[in-house]
Amino acid sequence: MSRSAHPAGPRHADVLPEGHYSPPPADLNALDEKVWSRTVRREDDGVVSVGGIEVTKLAEEFGTPAYFLDEEDFRARCRAWAHAFGPDADVFYAGKAFLSKAVVKWLKEEGLNVDVCSGGELSTALAAGMPADRIAFHGNNKSEGEIRRAVEAGVGRIVLDSFQEIARVAHIARELGVRQPVQIRVTVGVEAHTHEFIATAHEDQKFGIAVADGSAAEAVRRALGHDSLELLGVHSHIGSQIFDMAGFEVSAKRVVRLLAAVRDEHGVELPEIDLGGGLGIAYTSNDDPREPHEIAKALTEIVARECESAGLRAPRISVEPGRAIVGPTAFTLYEVGTIKPLEGLRTYVSVDGGMSDNIRTALYDAEYSIALVSRTSDAEPMLVRVVGKHCESGDIVVKDAFLPADLAPGDLLAVPATGAYCRSMASNYNHALRPPVVAVRDGQARVIVRRETEEDLLRLDLG
Ligand SMILES: *Cc1c(COP(=O)(O)O)cnc(C)c1O
């Protein structure tokens with residue numbers, strides 16, 4: 001994966017020299033199960049299906065572009081995470097990856113908790129019936145109104161992100177006569193091995209309170225000084241799309257060291273630590289994510305070892321996977337509109353969506369896979385750039401993709417692993433109508449977030 005950030009942006013000087021590309025896959029019709037959700041398969045007639053329904057039928061019924069979410073896969077991933085960490089730990093699904101009432105209901109049924117980071121996400125979680133004590137409230141600049149609502153609702157924890165916020169939450173909780181459970185978000189000086197724009201725990205960043213200069217210890221002091229706050233522990237989130245456990249190892253060490261310092265200073269052993277989310281998924285066949293049970297084993301062992309050497313009781317661990325749960329469960333279905341071969345340069349294939357439904361390629365230089373899903377083809381592979389329909393040359397869906405040379409307008413293409421940070425970051429750029437999310441399971445398809453309409457857009461425009 002490209003980690004380079006060109007100072008003028010990733011879209012510059014990106015015409016690669018001849019021979020740069022990896023060779024085409026042996027079989028363009030094959031679907032790598034690593035990047036497709038659990039129930040996706042190619043049927044005997046050559047059409048790809050999910051949850052037992054062929055994409056041609058889905059496109060006919062729901063239109064394109066659209067996100068199709070494999071409910072069975074989503075639930076199975078929730079269960080795998082809950083089971084891997086067991087009853088002595090908590091799994092919080094990071095709602096910002098993708099949140100809807102249906103998703104909250106599944107999380108509730110599968111025994112997971114949910115992280116929210118805005119009033120809107122909090123409302124969605126509550127509206128779908130998630131018990132407030134299973135909700136954690138995050139954010140580096142929660143408004144007083146948001147804090148008040150969270151405290152009134154009785155959320156299980158508020159993650160405090162600054163000195164001002166410690167005072168603010170303490171004040172509001174006191175006013176409301178509540179002893180609010182909280183954690184303190186600390187930065188441990190770990191830069192997870194990932195793209196600069198999505199790494200979030202080196203100290204030059206807006207989140208958290210630094211451990212290294214003693215600020216985190218001061219935050220603990222202040223939080224313990226407020227009767228209206230119940231300090232549960234500390235929280236560290238080190239980045240996104242992480243494959244290597246080394247960053248978590250360093251993070252856990254530093255967090256445990258802080259807990260030991262807190263015990264030495266205050267005589268209290270804080271009962272919880274949260275190690276955040278950020279676990280990577282396979283966007284292409286080159287990515288090799290770990291299974292939840294491996295991650296759970298690694299994290300639990302690291303924390304146990306560090307606590308033992310510090311003479312601390314092992315705290316209750318929580319984690320916050322977002323992408324690793326919802327990311328692999330959905331694909332985006334597009335229809336090919338135009339195909340433009342540029343002699344000596346490349347071929348552009350345009351689809352009916354783009355940066356409004358998937359900003360990650362433009363924003364993070366993210367890589368995706370793509371496949372022809374409405375039929376098979378025996379044609380030669382052709383190297384193309386798949387682009388959207390927006391008025392912006394950075395509107396790229398997949399930068400370099402091999403598709404069959406007989407690709408034609410009307411064919412359906414699907415981009416797997418778009419469950420996380422695609423619909424949740426979707427925009428109305430060019431007054432695009434944000435696509436629906438359709439949950440598919442056991443031969444049934446159900447719209448869980450409907451497609452926007454032009455009336456929706458015009459309703460906000462007061463003339
Ligand atoms: C974004 C975020 C997560 C989830 O990250 P993923 O990469 O989706 O797993 C978890 N915790 C916090 C605090 C976050 O900001």
# chains A, B, ... in the order shown; residues from 1 in each chain; ligands from 1

call {"tool": "residues_around", "arguments": {"residues": "Ser162 (chain A)", "least_positions_apart": "3", "cutoff": "8 Å", "atoms": "only C-alpha atoms", "output": "compact mmCIF listing (two decimals) with N, CA and C atoms, in the first residue's frame"}}
result
# COMPACT_ATOMS: atom_id res chain seq x y z
N ASN A 140 -13.12 15.02 20.86
CA ASN A 140 -12.17 15.97 21.44
C ASN A 140 -12.81 17.32 21.72
N GLU A 165 -12.39 19.64 29.47
CA GLU A 165 -13.51 18.72 29.47
C GLU A 165 -13.69 18.03 30.82
N ILE A 166 -12.58 17.79 31.52
CA ILE A 166 -12.70 17.20 32.86
C ILE A 166 -13.57 18.12 33.73
N GLY A 208 -6.53 13.52 22.93
CA GLY A 208 -5.93 12.97 24.13
C GLY A 208 -5.03 13.88 24.91
N ILE A 209 -4.50 13.34 25.99
CA ILE A 209 -3.64 14.06 26.92
C ILE A 209 -2.34 13.26 27.04
N ALA A 219 -4.08 14.96 34.71
CA ALA A 219 -5.50 14.76 34.38
C ALA A 219 -6.14 13.77 35.35

call {"tool": "residues_near_ligand", "arguments": {"ligand": "ligand 1", "cutoff": "6 Å", "atoms": "only C-alpha atoms and all ligand atoms", "output": "ChimeraX atom specification"}}
result
/A:94,97,237,240-241,276-279,320-324

call {"tool": "write_last_selection", "arguments": {"atoms": "C-alpha atoms", "output": "CSV table (one decimal), in the first residue's frame"}}
result
chain,number,residue,atom,x,y,z
A,94,ALA,CA,-16.9,2.3,16.8
A,97,ALA,CA,-17.3,3.5,10.9
A,237,HIS,CA,-6.2,4.7,20.5
A,240,SER,CA,-6.1,2.9,12.0
A,241,GLN,CA,-5.7,0.0,9.6
A,276,GLY,CA,-8.9,1.6,21.2
A,277,GLY,CA,-9.6,0.3,17.7
A,278,GLY,CA,-7.7,0.5,14.5
A,279,LEU,CA,-7.3,-3.1,13.6
A,320,GLU,CA,-13.1,-0.5,20.0
A,321,PRO,CA,-13.0,-2.1,16.5
A,322,GLY,CA,-15.0,-0.3,13.9
A,323,ARG,CA,-13.5,-1.1,10.5
A,324,ALA,CA,-12.6,-4.6,11.5

call {"tool": "select_by_dssp", "arguments": {"residues": "region 180-277 of chain A", "states": "strand (DSSP E or B)", "output": "list in words"}}
result
Gln180, Pro181, Val182, Gln183, Ile184, Arg185, Val186, Thr187, Ile209, Ala210, Leu229, Glu230, Leu231, Leu232, Gly233, Val234, His235, Ile242, Glu272, Ile273 and Asp274 of chain A

call {"tool": "write_last_selection", "arguments": {"atoms": "N, CA and C atoms", "output": "PDB file, in the first residue's frame"}}
result
ATOM      1  N   GLN A 180     -20.708  10.491  37.278  1.00  0.00           N
ATOM      2  CA  GLN A 180     -20.557  10.022  35.893  1.00  0.00           C
ATOM      3  C   GLN A 180     -19.301   9.173  35.734  1.00  0.00           C
ATOM      4  N   PRO A 181     -19.447   7.923  35.254  1.00  0.00           N
ATOM      5  CA  PRO A 181     -18.256   7.121  34.950  1.00  0.00           C
ATOM      6  C   PRO A 181     -17.497   7.720  33.758  1.00  0.00           C
ATOM      7  N   VAL A 182     -16.184   7.823  33.901  1.00  0.00           N
ATOM      8  CA  VAL A 182     -15.362   8.412  32.842  1.00  0.00           C
ATOM      9  C   VAL A 182     -14.056   7.632  32.677  1.00  0.00           C
ATOM     10  N   GLN A 183     -13.480   7.798  31.501  1.00  0.00           N
ATOM     11  CA  GLN A 183     -12.100   7.373  31.267  1.00  0.00           C
ATOM     12  C   GLN A 183     -11.351   8.606  30.785  1.00  0.00           C
ATOM     13  N   ILE A 184     -10.017   8.559  30.869  1.00  0.00           N
ATOM     14  CA  ILE A 184      -9.220   9.657  30.334  1.00  0.00           C
ATOM     15  C   ILE A 184      -8.488   9.160  29.107  1.00  0.00           C
ATOM     16  N   ARG A 185      -8.652   9.909  28.016  1.00  0.00           N
ATOM     17  CA  ARG A 185      -7.943   9.516  26.797  1.00  0.00           C
ATOM     18  C   ARG A 185      -6.525  10.071  26.851  1.00  0.00           C
ATOM     19  N   VAL A 186      -5.567   9.154  26.790  1.00  0.00           N
ATOM     20  CA  VAL A 186      -4.173   9.578  26.845  1.00  0.00           C
ATOM     21  C   VAL A 186      -3.497   9.304  25.501  1.00  0.00           C
ATOM     22  N   THR A 187      -2.457  10.072  25.223  1.00  0.00           N
ATOM     23  CA  THR A 187      -1.626   9.768  24.053  1.00  0.00           C
ATOM     24  C   THR A 187      -0.302   9.251  24.569  1.00  0.00           C
ATOM     25  N   ILE A 209      -4.503  13.342  25.989  1.00  0.00           N
ATOM     26  CA  ILE A 209      -3.640  14.063  26.922  1.00  0.00           C
ATOM     27  C   ILE A 209      -2.342  13.256  27.044  1.00  0.00           C
ATOM     28  N   ALA A 210      -1.224  13.940  26.843  1.00  0.00           N
ATOM     29  CA  ALA A 210       0.059  13.235  26.718  1.00  0.00           C
ATOM     30  C   ALA A 210       0.503  12.598  28.033  1.00  0.00           C
ATOM     31  N   LEU A 229     -17.264  12.673  39.368  1.00  0.00           N
ATOM     32  CA  LEU A 229     -16.695  11.789  38.338  1.00  0.00           C
ATOM     33  C   LEU A 229     -16.261  10.481  38.987  1.00  0.00           C
ATOM     34  N   GLU A 230     -16.575   9.381  38.316  1.00  0.00           N
ATOM     35  CA  GLU A 230     -16.064   8.083  38.751  1.00  0.00           C
ATOM     36  C   GLU A 230     -15.019   7.656  37.733  1.00  0.00           C
ATOM     37  N   LEU A 231     -13.745   7.792  38.076  1.00  0.00           N
ATOM     38  CA  LEU A 231     -12.686   7.502  37.117  1.00  0.00           C
ATOM     39  C   LEU A 231     -12.491   5.988  36.981  1.00  0.00           C
ATOM     40  N   LEU A 232     -12.845   5.467  35.789  1.00  0.00           N
ATOM     41  CA  LEU A 232     -12.746   4.022  35.561  1.00  0.00           C
ATOM     42  C   LEU A 232     -11.359   3.609  35.099  1.00  0.00           C
ATOM     43  N   GLY A 233     -10.723   4.504  34.352  1.00  0.00           N
ATOM     44  CA  GLY A 233      -9.421   4.102  33.825  1.00  0.00           C
ATOM     45  C   GLY A 233      -8.963   5.004  32.704  1.00  0.00           C
ATOM     46  N   VAL A 234      -8.023   4.486  31.915  1.00  0.00           N
ATOM     47  CA  VAL A 234      -7.474   5.288  30.826  1.00  0.00           C
ATOM     48  C   VAL A 234      -7.689   4.604  29.489  1.00  0.00           C
ATOM     49  N   HIS A 235      -7.628   5.432  28.464  1.00  0.00           N
ATOM     50  CA  HIS A 235      -7.975   5.019  27.118  1.00  0.00           C
ATOM     51  C   HIS A 235      -6.874   5.443  26.158  1.00  0.00           C
ATOM     52  N   ILE A 242      -4.236  -0.936  11.215  1.00  0.00           N
ATOM     53  CA  ILE A 242      -2.980  -1.442  11.771  1.00  0.00           C
ATOM     54  C   ILE A 242      -2.945  -2.973  11.662  1.00  0.00           C
ATOM     55  N   GLU A 272      -9.925  -0.190  34.784  1.00  0.00           N
ATOM     56  CA  GLU A 272     -10.127  -0.461  33.348  1.00  0.00           C
ATOM     57  C   GLU A 272      -9.042   0.167  32.490  1.00  0.00           C
ATOM     58  N   ILE A 273      -8.714  -0.509  31.382  1.00  0.00           N
ATOM     59  CA  ILE A 273      -8.005   0.196  30.316  1.00  0.00           C
ATOM     60  C   ILE A 273      -8.665  -0.132  28.982  1.00  0.00           C
ATOM     61  N   ASP A 274      -8.671   0.862  28.116  1.00  0.00           N
ATOM     62  CA  ASP A 274      -9.229   0.685  26.781  1.00  0.00           C
ATOM     63  C   ASP A 274      -8.100   0.888  25.784  1.00  0.00           C
TER      64      ASP A 274
END

call {"tool": "residues_around", "arguments": {"residues": "Cys117 (chain A)", "least_positions_apart": "6", "cutoff": "10 Å", "atoms": "only C-alpha atoms", "output": "list of chain:residue names"}}
result
A:Ala94, A:Gly95, A:Lys96, A:Ala136, A:Phe137, A:His138, A:Gly139, A:Asn140, A:Asn141, A:Lys142, A:Glu146, A:Ile158, A:Val159

call {"tool": "select_by_dssp", "arguments": {"residues": "region 221-401 of chain A", "states": "helix (DSSP H, G or I)", "output": "ChimeraX atom specification"}}
result
/A:221-224,246-266,292-310,323-329,360-364

call {"tool": "residues_around", "arguments": {"residues": "Ala261 (chain A)", "least_positions_apart": "5", "cutoff": "9 Å", "atoms": "only C-alpha atoms", "output": "MDAnalysis selection string"}}
result
chainID A and resid 217 256 266

call {"tool": "residues_around", "arguments": {"residues": "Asp411 (chain A)", "least_positions_apart": "6", "cutoff": "9 Å", "atoms": "only C-alpha atoms", "output": "number ranges by chain"}}
result
A: 334-337, 372-375

call {"tool": "atom_distance", "arguments": {"atom1": "CA of Ser37 (chain A)", "atom2": "CA of Asp70 (chain A)"}}
result
6.6 Å

call {"tool": "closest_residue", "arguments": {"among": "A:Ala84, A:Val262, A:Met382, A:Val55", "to": "Glu218 (chain A)", "atoms": "only C-alpha atoms"}}
result
A:Val262

call {"tool": "closest_atom_pairs", "arguments": {"of": "region 332-355 of chain A", "to": "region 395-399 of chain A", "cutoff": "12 Å", "atoms": "only C-alpha atoms", "output": "Markdown table"}}
result
| residue | atom | partner | partner_atom | distance |
| --- | --- | --- | --- | --- |
| A:Thr332 | CA | A:Val397 | CA | 10.5 |
| A:Leu333 | CA | A:Val397 | CA | 11.8 |
| A:Tyr334 | CA | A:Val397 | CA | 10.4 |
| A:Arg346 | CA | A:Lys399 | CA | 10.8 |
| A:Thr347 | CA | A:Lys399 | CA | 11.0 |
| A:Tyr348 | CA | A:Lys399 | CA | 9.8 |
| A:Val349 | CA | A:Val397 | CA | 9.8 |
| A:Ser350 | CA | A:Val397 | CA | 9.1 |
| A:Val351 | CA | A:Val397 | CA | 8.7 |
| A:Asp352 | CA | A:Val397 | CA | 10.7 |
| A:Gly353 | CA | A:Val397 | CA | 8.6 |
| A:Gly354 | CA | A:Val397 | CA | 5.8 |
| A:Met355 | CA | A:Asp395 | CA | 5.3 |

call {"tool": "residues_around", "arguments": {"residues": "Val40 (chain A)", "least_positions_apart": "2", "cutoff": "7 Å", "atoms": "only C-alpha atoms", "output": "PyMOL selection string"}}
result
chain A and resi 36-38+48-51

call {"tool": "write_last_selection", "arguments": {"atoms": "N, CA, C and O atoms", "output": "PDB file, in the first residue's frame"}}
result
ATOM      1  N   TRP A  36     -13.915 -10.346   0.176  1.00  0.00           N
ATOM      2  CA  TRP A  36     -15.372 -10.349   0.010  1.00  0.00           C
ATOM      3  C   TRP A  36     -16.029 -10.878   1.277  1.00  0.00           C
ATOM      4  O   TRP A  36     -15.449 -11.701   1.982  1.00  0.00           O
ATOM      5  N   SER A  37     -17.261 -10.442   1.529  1.00  0.00           N
ATOM      6  CA  SER A  37     -17.934 -10.874   2.751  1.00  0.00           C
ATOM      7  C   SER A  37     -18.330 -12.346   2.629  1.00  0.00           C
ATOM      8  O   SER A  37     -18.386 -12.922   1.541  1.00  0.00           O
ATOM      9  N   ARG A  38     -18.611 -12.893   3.797  1.00  0.00           N
ATOM     10  CA  ARG A  38     -18.839 -14.321   3.966  1.00  0.00           C
ATOM     11  C   ARG A  38     -19.762 -15.008   2.947  1.00  0.00           C
ATOM     12  O   ARG A  38     -19.457 -16.079   2.462  1.00  0.00           O
ATOM     13  N   VAL A  48     -22.598 -12.723  -9.575  1.00  0.00           N
ATOM     14  CA  VAL A  48     -22.201 -12.791  -8.171  1.00  0.00           C
ATOM     15  C   VAL A  48     -23.435 -12.566  -7.293  1.00  0.00           C
ATOM     16  O   VAL A  48     -24.319 -11.752  -7.636  1.00  0.00           O
ATOM     17  N   SER A  49     -23.499 -13.277  -6.174  1.00  0.00           N
ATOM     18  CA  SER A  49     -24.622 -13.101  -5.250  1.00  0.00           C
ATOM     19  C   SER A  49     -24.109 -12.818  -3.849  1.00  0.00           C
ATOM     20  O   SER A  49     -22.956 -13.120  -3.527  1.00  0.00           O
ATOM     21  N   VAL A  50     -24.975 -12.215  -3.052  1.00  0.00           N
ATOM     22  CA  VAL A  50     -24.701 -12.044  -1.619  1.00  0.00           C
ATOM     23  C   VAL A  50     -25.972 -12.442  -0.875  1.00  0.00           C
ATOM     24  O   VAL A  50     -27.076 -12.104  -1.334  1.00  0.00           O
ATOM     25  N   GLY A  51     -25.807 -13.173   0.212  1.00  0.00           N
ATOM     26  CA  GLY A  51     -26.971 -13.622   0.980  1.00  0.00           C
ATOM     27  C   GLY A  51     -27.965 -14.383   0.100  1.00  0.00           C
ATOM     28  O   GLY A  51     -29.164 -14.397   0.373  1.00  0.00           O
TER      29      GLY A  51
END

call {"tool": "closest_residue", "arguments": {"among": "A:Glu121, A:Gly311, A:Arg148, A:Ala128", "to": "Glu109 (chain A)", "atoms": "only C-alpha atoms"}}
result
A:Ala128

call {"tool": "atom_distance", "arguments": {"atom1": "CA of Leu457 (chain A)", "atom2": "CA of Ser427 (chain A)"}}
result
11.6 Å

call {"tool": "closest_residue", "arguments": {"among": "A:Ala296, A:Val437, A:Leu460, A:Cys422", "to": "Ala66 (chain A)", "atoms": "only C-alpha atoms"}}
result
A:Val437

call {"tool": "atom_distance", "arguments": {"atom1": "CA of Ser143 (chain A)", "atom2": "CA of Ser424 (chain A)"}}
result
20.9 Å

call {"tool": "residues_around", "arguments": {"residues": "region 400-402 of chain A", "least_positions_apart": "2", "cutoff": "8 Å", "atoms": "only C-alpha atoms", "output": "CSV table (one decimal) with N, CA and C atoms, in the first residue's frame"}}
result
chain,number,residue,atom,x,y,z
A,24,PRO,N,-1.5,-9.1,-13.7
A,24,PRO,CA,-2.9,-9.3,-13.5
A,24,PRO,C,-3.2,-10.6,-12.7
A,25,PRO,N,-4.3,-10.7,-12.0
A,25,PRO,CA,-4.6,-12.0,-11.3
A,25,PRO,C,-4.8,-13.1,-12.4
A,28,LEU,N,-9.6,-13.5,-13.6
A,28,LEU,CA,-10.3,-12.3,-13.2
A,28,LEU,C,-11.7,-12.6,-12.7
A,369,SER,N,-10.1,-3.2,-4.2
A,369,SER,CA,-10.2,-4.2,-5.2
A,369,SER,C,-11.5,-3.9,-6.0
A,370,ILE,N,-11.7,-4.5,-7.1
A,370,ILE,CA,-12.9,-4.3,-7.9
A,370,ILE,C,-13.1,-5.5,-8.8
A,381,PRO,N,-7.2,-9.5,-19.5
A,381,PRO,CA,-7.2,-8.4,-18.5
A,381,PRO,C,-6.8,-7.1,-19.2
A,382,MET,N,-7.4,-6.0,-18.7
A,382,MET,CA,-7.0,-4.7,-19.2
A,382,MET,C,-6.8,-3.9,-17.9
A,383,LEU,N,-5.7,-3.1,-17.9
A,383,LEU,CA,-5.4,-2.3,-16.8
A,383,LEU,C,-6.2,-1.0,-16.9
A,384,VAL,N,-7.0,-0.6,-15.9
A,384,VAL,CA,-7.8,0.6,-16.0
A,384,VAL,C,-7.7,1.4,-14.7
A,385,ARG,N,-8.2,2.6,-14.8
A,385,ARG,CA,-8.5,3.4,-13.6
A,385,ARG,C,-10.0,3.6,-13.6
A,386,VAL,N,-10.6,3.2,-12.4
A,386,VAL,CA,-12.0,3.3,-12.3
A,386,VAL,C,-12.3,4.6,-11.6
A,398,VAL,N,-10.9,3.3,-7.9
A,398,VAL,CA,-9.8,2.3,-7.8
A,398,VAL,C,-8.7,2.8,-8.8
A,404,PRO,N,-11.8,-7.2,-17.3
A,404,PRO,CA,-11.7,-7.8,-18.6
A,404,PRO,C,-11.9,-6.8,-19.7

call {"tool": "decode", "arguments": {"residues": "region 198-226 of chain A", "atoms": "C-alpha atoms", "output": "PDB file, in the first residue's frame"}}
result
ATOM      1  CA  ILE A 198      -5.215   8.461   9.984  1.00  0.00           C
ATOM      2  CA  ALA A 199      -2.565   7.882  12.613  1.00  0.00           C
ATOM      3  CA  THR A 200      -3.826   9.386  15.865  1.00  0.00           C
ATOM      4  CA  ALA A 201      -1.559   8.771  18.817  1.00  0.00           C
ATOM      5  CA  HIS A 202       1.712  10.539  18.263  1.00  0.00           C
ATOM      6  CA  GLU A 203       1.662  13.601  20.452  1.00  0.00           C
ATOM      7  CA  ASP A 204       1.397  16.316  17.820  1.00  0.00           C
ATOM      8  CA  GLN A 205      -2.300  15.777  17.345  1.00  0.00           C
ATOM      9  CA  LYS A 206      -5.604  17.023  18.644  1.00  0.00           C
ATOM     10  CA  PHE A 207      -6.671  13.912  20.566  1.00  0.00           C
ATOM     11  CA  GLY A 208      -5.932  12.969  24.128  1.00  0.00           C
ATOM     12  CA  ILE A 209      -3.640  14.063  26.922  1.00  0.00           C
ATOM     13  CA  ALA A 210       0.059  13.235  26.718  1.00  0.00           C
ATOM     14  CA  VAL A 211       1.597  10.695  29.068  1.00  0.00           C
ATOM     15  CA  ALA A 212       5.225  11.653  28.409  1.00  0.00           C
ATOM     16  CA  ASP A 213       5.202  15.172  29.891  1.00  0.00           C
ATOM     17  CA  GLY A 214       3.132  14.304  32.956  1.00  0.00           C
ATOM     18  CA  SER A 215      -0.094  15.836  31.622  1.00  0.00           C
ATOM     19  CA  ALA A 216      -1.946  12.527  31.816  1.00  0.00           C
ATOM     20  CA  ALA A 217      -0.937  12.095  35.488  1.00  0.00           C
ATOM     21  CA  GLU A 218      -2.226  15.619  36.153  1.00  0.00           C
ATOM     22  CA  ALA A 219      -5.496  14.759  34.379  1.00  0.00           C
ATOM     23  CA  VAL A 220      -5.910  11.720  36.645  1.00  0.00           C
ATOM     24  CA  ARG A 221      -5.240  13.939  39.677  1.00  0.00           C
ATOM     25  CA  ARG A 222      -7.920  16.382  38.598  1.00  0.00           C
ATOM     26  CA  ALA A 223     -10.477  13.703  37.707  1.00  0.00           C
ATOM     27  CA  LEU A 224      -9.974  11.970  41.064  1.00  0.00           C
ATOM     28  CA  GLY A 225     -10.538  15.323  42.744  1.00  0.00           C
ATOM     29  CA  HIS A 226     -14.136  15.578  41.470  1.00  0.00           C
TER      30      HIS A 226
END
